[in-house]
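Reviewing the structure listed below.
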Amino acid sequence: MPNSFRPLRTAEDLYDYCKTYDMGIGSFKFWSVRHFRLIEDELKPNEVVFTAFVGLINKFNYSFAITNDRILLSKQALVSSFVKSISLKNINDITLEKGPIHGFIEIDTAKERVKIVVLKNCADNIHECIHKALDMAKQFSASKASEATASAYSEADELAKFKKLYDDGVITQEEFEAKKRQLLGL
């Protein structure tokens with residue numbers, strides 16, 4: 001994972017990230033990009049991708065992305081496609097086991113276990129980046145929660161100021177009600 005964060009939104013960005021940072025690239029660029037395009041199409045407008053990688057599930061190439069909200073995994077076949085979303089809230093643990101040739105990353109959730117095969121020389125890096133991405137997602141959620149709290153406080157504070165102006169006779173009831181509707185988004 002790079003030291004500085006760069007936004008990853010497009011299938012090409014996700015593939016280039018994997019190639020640059022040794023996160024697996026799959027058998028062919030054409031197919032990896034097609035897998036990542038499914039993820040690109042699935043991203044919500046404010047969703048942030050922290051890391052991406054490529055691995056195998058049941059001998060098929062999949063692309064993976066970890067966002068501020070979930071883990072997305074996708075596979076594009078000739079006539080069908082598959083996209084799965086795992087909420088970060090449902091993740092119990094992510095472990096790494098290494099064999100002679102491959103690494104095995106297991107995502108343990110409340111409902112299932114997803115076992116991903118990666119090249120052994122990429123396994124440590126991918127595992128570390130997954131955990132860094134999960135930490136970044138927690139920090140991201142915490143900062144969004146504190147922003148929401150600060151916003152709610154400032155709106156309530158503003159409303160109290162306008163109520164005082166109304167009580168003191170500085171503004172009319174209509175002006176107070178208009179400001180209240182504006183602040184509360186009504």
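Scheme for the structure tokens: letters A, B, ... for chains in order shown; per-chain residue numbers from 1; ligand numbers from 1 in order shown.
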All residues 8 Å or closer to range 130-137 of chain A, only C-alpha atoms, same chain fewer than 3 positions away omitted, as a ChimeraX atom specification: /A:50-51,66-69,88,94,126-127,140-141
For those residues, write all heavy atoms to a file as a short mmCIF file (atom, residue, chain, number, x, y, z; two decimals), in the first residue's frame.
```cif
data_model
loop_
_atom_site.label_atom_id
_atom_site.label_comp_id
_atom_site.auth_asym_id
_atom_site.auth_seq_id
_atom_site.Cartn_x
_atom_site.Cartn_y
_atom_site.Cartn_z
N PHE A 50 -9.95 1.99 -0.48
CA PHE A 50 -8.67 2.11 0.21
C PHE A 50 -7.61 1.16 -0.34
O PHE A 50 -6.43 1.49 -0.33
CB PHE A 50 -8.83 1.87 1.71
CG PHE A 50 -9.64 2.93 2.40
CD1 PHE A 50 -10.79 2.62 3.08
CD2 PHE A 50 -9.25 4.26 2.36
CE1 PHE A 50 -11.54 3.59 3.72
CE2 PHE A 50 -9.98 5.25 3.00
CZ PHE A 50 -11.13 4.91 3.68
N THR A 51 -8.02 0.00 -0.79
CA THR A 51 -7.06 -0.94 -1.39
C THR A 51 -7.82 -1.89 -2.31
O THR A 51 -9.05 -2.02 -2.22
CB THR A 51 -6.24 -1.72 -0.33
OG1 THR A 51 -5.12 -2.34 -0.96
CG2 THR A 51 -7.06 -2.77 0.38
N ILE A 66 -11.51 -2.92 -1.05
CA ILE A 66 -11.96 -2.61 0.30
C ILE A 66 -12.23 -1.12 0.36
O ILE A 66 -11.36 -0.30 0.06
CB ILE A 66 -10.92 -3.04 1.36
CG1 ILE A 66 -10.71 -4.55 1.24
CG2 ILE A 66 -11.37 -2.63 2.75
CD1 ILE A 66 -9.71 -5.12 2.18
N THR A 67 -13.45 -0.79 0.74
CA THR A 67 -13.88 0.61 0.78
C THR A 67 -14.11 1.03 2.23
O THR A 67 -13.89 0.26 3.15
CB THR A 67 -15.19 0.81 -0.02
OG1 THR A 67 -16.29 0.29 0.73
CG2 THR A 67 -15.14 0.13 -1.38
N ASN A 68 -14.58 2.23 2.39
CA ASN A 68 -14.90 2.74 3.72
C ASN A 68 -16.09 2.02 4.34
O ASN A 68 -16.34 2.14 5.53
CB ASN A 68 -15.19 4.24 3.67
CG ASN A 68 -16.27 4.59 2.68
OD1 ASN A 68 -16.13 4.35 1.48
ND2 ASN A 68 -17.35 5.19 3.14
N ASP A 69 -16.81 1.23 3.54
CA ASP A 69 -18.06 0.63 3.99
C ASP A 69 -18.11 -0.89 3.87
O ASP A 69 -18.82 -1.55 4.63
CB ASP A 69 -19.18 1.24 3.14
CG ASP A 69 -20.57 0.94 3.66
OD1 ASP A 69 -20.75 0.95 4.88
OD2 ASP A 69 -21.45 0.68 2.83
N LEU A 88 -18.31 -4.22 6.28
CA LEU A 88 -17.19 -4.26 7.23
C LEU A 88 -17.67 -4.56 8.64
O LEU A 88 -16.93 -5.11 9.45
CB LEU A 88 -16.41 -2.94 7.19
CG LEU A 88 -15.73 -2.58 5.87
CD1 LEU A 88 -14.93 -1.30 6.01
CD2 LEU A 88 -14.86 -3.71 5.36
N ILE A 94 -9.61 -11.45 9.60
CA ILE A 94 -8.98 -11.73 8.31
C ILE A 94 -7.61 -12.32 8.62
O ILE A 94 -6.79 -11.68 9.28
CB ILE A 94 -8.88 -10.48 7.44
CG1 ILE A 94 -10.29 -9.98 7.11
CG2 ILE A 94 -8.09 -10.78 6.16
CD1 ILE A 94 -10.38 -8.78 6.24
N ILE A 126 -0.52 -8.17 0.54
CA ILE A 126 -1.98 -8.07 0.44
C ILE A 126 -2.61 -8.10 1.82
O ILE A 126 -3.47 -7.28 2.15
CB ILE A 126 -2.55 -9.19 -0.46
CG1 ILE A 126 -2.12 -8.95 -1.92
CG2 ILE A 126 -4.06 -9.27 -0.35
CD1 ILE A 126 -2.43 -10.10 -2.86
N HIS A 127 -2.18 -9.04 2.66
CA HIS A 127 -2.72 -9.16 4.01
C HIS A 127 -2.51 -7.88 4.82
O HIS A 127 -3.43 -7.38 5.47
CB HIS A 127 -2.07 -10.37 4.70
CG HIS A 127 -2.65 -10.69 6.03
ND1 HIS A 127 -1.96 -10.49 7.20
CD2 HIS A 127 -3.87 -11.17 6.39
CE1 HIS A 127 -2.71 -10.85 8.21
NE2 HIS A 127 -3.88 -11.27 7.76
N PHE A 140 -12.10 6.68 8.94
CA PHE A 140 -13.00 7.40 8.04
C PHE A 140 -14.39 7.48 8.66
O PHE A 140 -15.01 8.55 8.70
CB PHE A 140 -13.04 6.70 6.68
CG PHE A 140 -13.83 7.41 5.62
CD1 PHE A 140 -13.23 8.38 4.85
CD2 PHE A 140 -15.16 7.10 5.41
CE1 PHE A 140 -13.96 9.03 3.86
CE2 PHE A 140 -15.90 7.74 4.43
CZ PHE A 140 -15.29 8.71 3.65
N SER A 141 -14.89 6.35 9.16
CA SER A 141 -16.22 6.32 9.78
C SER A 141 -16.27 7.19 11.02
O SER A 141 -17.25 7.90 11.24
CB SER A 141 -16.60 4.88 10.15
OG SER A 141 -16.78 4.13 8.99
#
```
Contact residues around Ala178 in chain A with only C-alpha atoms at 12 Å, ignoring same-chain residues under 5 positions, as a list in words: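 Residues near the query, excluding close chain neighbours: Leu159, Phe162, Lys163, Tyr166, Ile171, Thr172, Gln173, Leu183, Leu184, Gly185 and Leu186 of chain A.
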Straight-line distance linking CA of Ile86 in chain A with CA of His35 in chain A, stated in Å to one decimal: 16.7 Å
Spatial neighbours of Phe64 in chain A, max dist 7 Å, only C-alpha atoms, sep filter under 4 positions, as a list in words: Ala52, Phe53, Val54, Ile71, Leu72, Leu73 and Ser74 of chain A
Write a file of the just-selected residues containing N, CA, C and O atoms, as a PDB file, in the first residue's frame.
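This went into again.pdb:
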```pdb
ATOM      1  N   ALA A  52      -7.066  -2.545  -3.187  1.00  0.00           N
ATOM      2  CA  ALA A  52      -7.628  -3.509  -4.124  1.00  0.00           C
ATOM      3  C   ALA A  52      -6.602  -4.618  -4.331  1.00  0.00           C
ATOM      4  O   ALA A  52      -5.403  -4.404  -4.160  1.00  0.00           O
ATOM      5  N   PHE A  53      -7.105  -5.793  -4.685  1.00  0.00           N
ATOM      6  CA  PHE A  53      -6.197  -6.897  -4.996  1.00  0.00           C
ATOM      7  C   PHE A  53      -6.913  -7.916  -5.862  1.00  0.00           C
ATOM      8  O   PHE A  53      -8.123  -7.831  -6.078  1.00  0.00           O
ATOM      9  N   VAL A  54      -6.143  -8.879  -6.371  1.00  0.00           N
ATOM     10  CA  VAL A  54      -6.669  -9.930  -7.231  1.00  0.00           C
ATOM     11  C   VAL A  54      -6.297 -11.270  -6.611  1.00  0.00           C
ATOM     12  O   VAL A  54      -5.178 -11.443  -6.120  1.00  0.00           O
ATOM     13  N   ILE A  71     -16.351  -4.755   1.695  1.00  0.00           N
ATOM     14  CA  ILE A  71     -15.433  -5.436   0.780  1.00  0.00           C
ATOM     15  C   ILE A  71     -16.268  -5.869  -0.410  1.00  0.00           C
ATOM     16  O   ILE A  71     -17.318  -6.496  -0.250  1.00  0.00           O
ATOM     17  N   LEU A  72     -15.818  -5.497  -1.590  1.00  0.00           N
ATOM     18  CA  LEU A  72     -16.489  -5.912  -2.816  1.00  0.00           C
ATOM     19  C   LEU A  72     -15.625  -6.962  -3.503  1.00  0.00           C
ATOM     20  O   LEU A  72     -14.408  -6.794  -3.603  1.00  0.00           O
ATOM     21  N   LEU A  73     -16.247  -8.038  -3.970  1.00  0.00           N
ATOM     22  CA  LEU A  73     -15.531  -9.017  -4.773  1.00  0.00           C
ATOM     23  C   LEU A  73     -16.327  -9.268  -6.036  1.00  0.00           C
ATOM     24  O   LEU A  73     -17.560  -9.271  -6.013  1.00  0.00           O
ATOM     25  N   SER A  74     -15.614  -9.449  -7.138  1.00  0.00           N
ATOM     26  CA  SER A  74     -16.312  -9.569  -8.418  1.00  0.00           C
ATOM     27  C   SER A  74     -15.594 -10.520  -9.358  1.00  0.00           C
ATOM     28  O   SER A  74     -14.375 -10.701  -9.288  1.00  0.00           O
TER      29      SER A  74
END
```
Nearest residue to Leu56 in chain A from the set A:Ile91, A:His102, A:Phe176, A:Asp167 (distances using only C-alpha atoms):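 Ranked by minimum distance to Leu56 in chain A, first place goes to A:His102.
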Contacts of Glu106 in chain A at 6 Å (only C-alpha atoms; same-chain gap of 3+ positions) as a list of chain:residue names: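 What passes the distance filter is A:Ile94, A:Thr95, A:Val114, A:Lys115.
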Quick one: DSSP strand (DSSP E) residues in chain A, as a CSV table (one decimal) with N, CA and C atoms, in the first residue's frame?
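Ended up saving to out_34.csv:
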```
chain,number,residue,atom,x,y,z
A,49,VAL,N,-12.4,3.8,-2.1
A,49,VAL,CA,-11.7,2.6,-2.1
A,49,VAL,C,-10.3,2.8,-1.5
A,50,PHE,N,-10.0,2.0,-0.5
A,50,PHE,CA,-8.7,2.1,0.2
A,50,PHE,C,-7.6,1.2,-0.3
A,51,THR,N,-8.0,0.0,-0.8
A,51,THR,CA,-7.1,-0.9,-1.4
A,51,THR,C,-7.8,-1.9,-2.3
A,52,ALA,N,-7.1,-2.5,-3.2
A,52,ALA,CA,-7.6,-3.5,-4.1
A,52,ALA,C,-6.6,-4.6,-4.3
A,53,PHE,N,-7.1,-5.8,-4.7
A,53,PHE,CA,-6.2,-6.9,-5.0
A,53,PHE,C,-6.9,-7.9,-5.9
A,54,VAL,N,-6.1,-8.9,-6.4
A,54,VAL,CA,-6.7,-9.9,-7.2
A,54,VAL,C,-6.3,-11.3,-6.6
A,55,GLY,N,-7.2,-12.2,-6.6
A,55,GLY,CA,-7.0,-13.5,-6.1
A,55,GLY,C,-7.9,-14.6,-6.7
A,56,LEU,N,-7.8,-15.8,-6.2
A,56,LEU,CA,-8.6,-16.9,-6.7
A,56,LEU,C,-9.6,-17.3,-5.6
A,57,ILE,N,-10.8,-17.6,-6.1
A,57,ILE,CA,-11.8,-18.3,-5.2
A,57,ILE,C,-12.3,-19.5,-6.1
A,60,PHE,N,-11.1,-19.6,-9.7
A,60,PHE,CA,-11.5,-18.6,-10.6
A,60,PHE,C,-10.9,-17.3,-10.1
A,61,ASN,N,-10.4,-16.4,-11.1
A,61,ASN,CA,-9.9,-15.1,-10.7
A,61,ASN,C,-11.1,-14.2,-10.3
A,62,TYR,N,-10.8,-13.5,-9.2
A,62,TYR,CA,-11.7,-12.5,-8.7
A,62,TYR,C,-10.9,-11.2,-8.4
A,63,SER,N,-11.6,-10.1,-8.5
A,63,SER,CA,-11.0,-8.8,-8.1
A,63,SER,C,-11.7,-8.4,-6.8
A,64,PHE,N,-11.0,-7.7,-5.9
A,64,PHE,CA,-11.4,-7.3,-4.6
A,64,PHE,C,-11.1,-5.8,-4.4
A,65,ALA,N,-12.0,-5.2,-3.7
A,65,ALA,CA,-11.8,-3.8,-3.3
A,65,ALA,C,-12.3,-3.6,-1.9
A,66,ILE,N,-11.5,-2.9,-1.1
A,66,ILE,CA,-12.0,-2.6,0.3
A,66,ILE,C,-12.2,-1.1,0.4
A,67,THR,N,-13.5,-0.8,0.7
A,67,THR,CA,-13.9,0.6,0.8
A,67,THR,C,-14.1,1.0,2.2
A,70,ARG,N,-17.4,-1.5,2.9
A,70,ARG,CA,-17.5,-2.9,2.6
A,70,ARG,C,-16.3,-3.4,1.8
A,71,ILE,N,-16.4,-4.8,1.7
A,71,ILE,CA,-15.4,-5.4,0.8
A,71,ILE,C,-16.3,-5.9,-0.4
A,72,LEU,N,-15.8,-5.5,-1.6
A,72,LEU,CA,-16.5,-5.9,-2.8
A,72,LEU,C,-15.6,-7.0,-3.5
A,73,LEU,N,-16.2,-8.0,-4.0
A,73,LEU,CA,-15.5,-9.0,-4.8
A,73,LEU,C,-16.3,-9.3,-6.0
A,74,SER,N,-15.6,-9.4,-7.1
A,74,SER,CA,-16.3,-9.6,-8.4
A,74,SER,C,-15.6,-10.5,-9.4
A,75,LYS,N,-16.4,-11.1,-10.2
A,75,LYS,CA,-15.9,-12.0,-11.3
A,75,LYS,C,-16.7,-11.8,-12.5
A,76,GLN,N,-16.1,-11.5,-13.6
A,76,GLN,CA,-16.8,-11.4,-14.9
A,76,GLN,C,-16.4,-12.7,-15.7
A,81,SER,N,-21.9,-12.5,-14.7
A,81,SER,CA,-21.0,-11.7,-13.8
A,81,SER,C,-21.5,-12.0,-12.4
A,82,PHE,N,-20.6,-11.7,-11.5
A,82,PHE,CA,-20.9,-11.9,-10.1
A,82,PHE,C,-20.2,-10.8,-9.3
A,83,VAL,N,-21.0,-10.2,-8.4
A,83,VAL,CA,-20.5,-9.2,-7.5
A,83,VAL,C,-21.1,-9.5,-6.1
A,84,LYS,N,-20.2,-9.5,-5.1
A,84,LYS,CA,-20.7,-9.7,-3.7
A,84,LYS,C,-20.2,-8.6,-2.9
A,85,SER,N,-21.0,-8.2,-1.9
A,85,SER,CA,-20.6,-7.1,-1.0
A,85,SER,C,-20.7,-7.7,0.4
A,86,ILE,N,-19.6,-7.4,1.2
A,86,ILE,CA,-19.5,-7.9,2.6
A,86,ILE,C,-19.3,-6.6,3.4
A,87,SER,N,-20.3,-6.3,4.3
A,87,SER,CA,-20.2,-5.2,5.1
A,87,SER,C,-19.0,-5.3,6.1
A,91,ILE,N,-17.4,-8.3,9.6
A,91,ILE,CA,-16.2,-9.1,9.5
A,91,ILE,C,-15.7,-9.3,11.0
A,92,ASN,N,-15.4,-10.6,11.2
A,92,ASN,CA,-14.9,-11.0,12.5
A,92,ASN,C,-13.3,-11.0,12.5
A,93,ASP,N,-12.7,-11.5,11.4
A,93,ASP,CA,-11.3,-11.6,11.3
A,93,ASP,C,-10.8,-11.8,9.9
A,94,ILE,N,-9.6,-11.4,9.6
A,94,ILE,CA,-9.0,-11.7,8.3
A,94,ILE,C,-7.6,-12.3,8.6
A,95,THR,N,-7.4,-13.5,8.2
A,95,THR,CA,-6.2,-14.2,8.5
A,95,THR,C,-5.4,-14.6,7.2
A,96,LEU,N,-4.1,-14.9,7.4
A,96,LEU,CA,-3.2,-15.3,6.4
A,96,LEU,C,-2.6,-16.6,6.7
A,97,GLU,N,-2.6,-17.6,5.8
A,97,GLU,CA,-1.9,-18.8,6.0
A,97,GLU,C,-1.0,-19.0,4.7
A,98,LYS,N,0.2,-19.5,4.9
A,98,LYS,CA,1.1,-19.6,3.7
A,98,LYS,C,1.4,-21.1,3.5
A,102,HIS,N,1.4,-20.9,-2.6
A,102,HIS,CA,0.4,-19.9,-2.4
A,102,HIS,C,0.2,-19.4,-1.0
A,103,GLY,N,-0.5,-18.2,-0.9
A,103,GLY,CA,-0.9,-17.7,0.3
A,103,GLY,C,-2.5,-17.9,0.4
A,104,PHE,N,-3.0,-18.0,1.5
A,104,PHE,CA,-4.5,-18.2,1.7
A,104,PHE,C,-5.0,-17.1,2.6
A,105,ILE,N,-5.8,-16.2,2.1
A,105,ILE,CA,-6.3,-15.1,2.9
A,105,ILE,C,-7.8,-15.5,3.2
A,106,GLU,N,-8.2,-15.6,4.5
A,106,GLU,CA,-9.5,-16.0,4.8
A,106,GLU,C,-10.2,-14.8,5.5
A,107,ILE,N,-11.4,-14.5,4.9
A,107,ILE,CA,-12.3,-13.4,5.5
A,107,ILE,C,-13.3,-14.2,6.3
A,108,ASP,N,-13.3,-14.0,7.6
A,108,ASP,CA,-14.3,-14.7,8.4
A,108,ASP,C,-15.4,-13.7,8.8
A,109,THR,N,-16.6,-13.9,8.4
A,109,THR,CA,-17.7,-13.0,8.7
A,109,THR,C,-18.7,-13.7,9.6
A,113,ARG,N,-17.2,-17.9,5.6
A,113,ARG,CA,-15.8,-17.7,5.5
A,113,ARG,C,-15.5,-17.7,4.0
A,114,VAL,N,-14.7,-16.7,3.6
A,114,VAL,CA,-14.3,-16.6,2.2
A,114,VAL,C,-12.8,-16.9,2.1
A,115,LYS,N,-12.4,-17.9,1.4
A,115,LYS,CA,-11.0,-18.3,1.3
A,115,LYS,C,-10.5,-17.8,-0.1
A,116,ILE,N,-9.4,-17.0,0.0
A,116,ILE,CA,-8.9,-16.4,-1.3
A,116,ILE,C,-7.5,-16.9,-1.4
A,117,VAL,N,-7.1,-17.4,-2.6
A,117,VAL,CA,-5.8,-17.9,-2.9
A,117,VAL,C,-5.0,-16.8,-3.6
A,118,VAL,N,-3.9,-16.4,-3.1
A,118,VAL,CA,-3.0,-15.4,-3.8
A,118,VAL,C,-1.6,-16.0,-3.9
A,119,LEU,N,-0.8,-15.4,-4.8
A,119,LEU,CA,0.6,-15.9,-4.9
A,119,LEU,C,1.3,-15.6,-3.6
```
Range 8-153 of chain A: residues DSSP assigns to alpha helix (DSSP H), reported as a VMD selection string: chain A and resid 11 to 20 29 to 42 120 to 153
Atom pair CA of Arg181 in chain A / CA of Glu47 in chain A: separation (Å):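 Taking CA of Arg181 in chain A as the start and CA of Glu47 in chain A as the end point, the length is 29.5 Å.
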